[in-house]
Amino acid sequence: DRDVTGVQTCALPICLASGQVSQQAGQNMFNELSQLLFEPPGQNQQQLQQRYDQLVQEYDQYRASNQISGQSAIQLGYALSLLRQAIGAR
């Protein structure tokens, strides 16, 4: 399941280059994503769900404050839905 999420990791630098994601939003989203995917090994489903929920909450806040906008917002939203499926989150 975690192999699918490489797409999400690659999406952040592309979005940053296009200027549609603020540097702060990109860095914070990347950090949240890294924690979800790589720390700590052996997370149970509840822990994965909590980390995913935190990631989505940050995404929503950054969209509301226009720190993630345009096509980047659409692409990251789609990537988050793929991630949700890959980790079995709600």
# chains A, B, ... in the order shown; residues from 1 in each chain; ligands from 1
$ residues_around --residues "Leu48 in chain A" --least-positions-apart "6" --cutoff "9 Å" --atoms "only C-alpha atoms" --output "PyMOL selection string"
chain A and resi 36-37+87-89
$ select_by_dssp --residues "range 24-85 of chain A" --states "alpha helix (DSSP H)" --output "ChimeraX atom specification"
/A:24-38,45-64,70-85
$ atom_distance --atom1 "CA of Met29 in chain A" --atom2 "CA of Leu55 in chain A"
6.7 Å
$ atom_distance --atom1 "CA of Gln67 in chain A" --atom2 "CA of Phe30 in chain A"
14.1 Å
$ closest_residue --among "A:Ala73, A:Ala79, A:Ile68, A:Ala86" --to "Val21 in chain A" --atoms "only C-alpha atoms"
A:Ile68
$ residues_around --residues "Asn31 in chain A" --least-positions-apart "3" --cutoff "12 Å" --atoms "only C-alpha atoms" --output "list in words"
Thr9, Leu12, Gln24, Ala25, Gly26, Gln27, Asn28, Ser34, Gln35, Leu36, Leu37, Phe38, Glu39, Arg51, Gln54, Leu55 and Glu58 of chain A
$ closest_residue --among "A:Gln23, A:Gln61, A:Asn66, A:Val56" --to "Ser81 in chain A" --atoms "only C-alpha atoms"
A:Val56
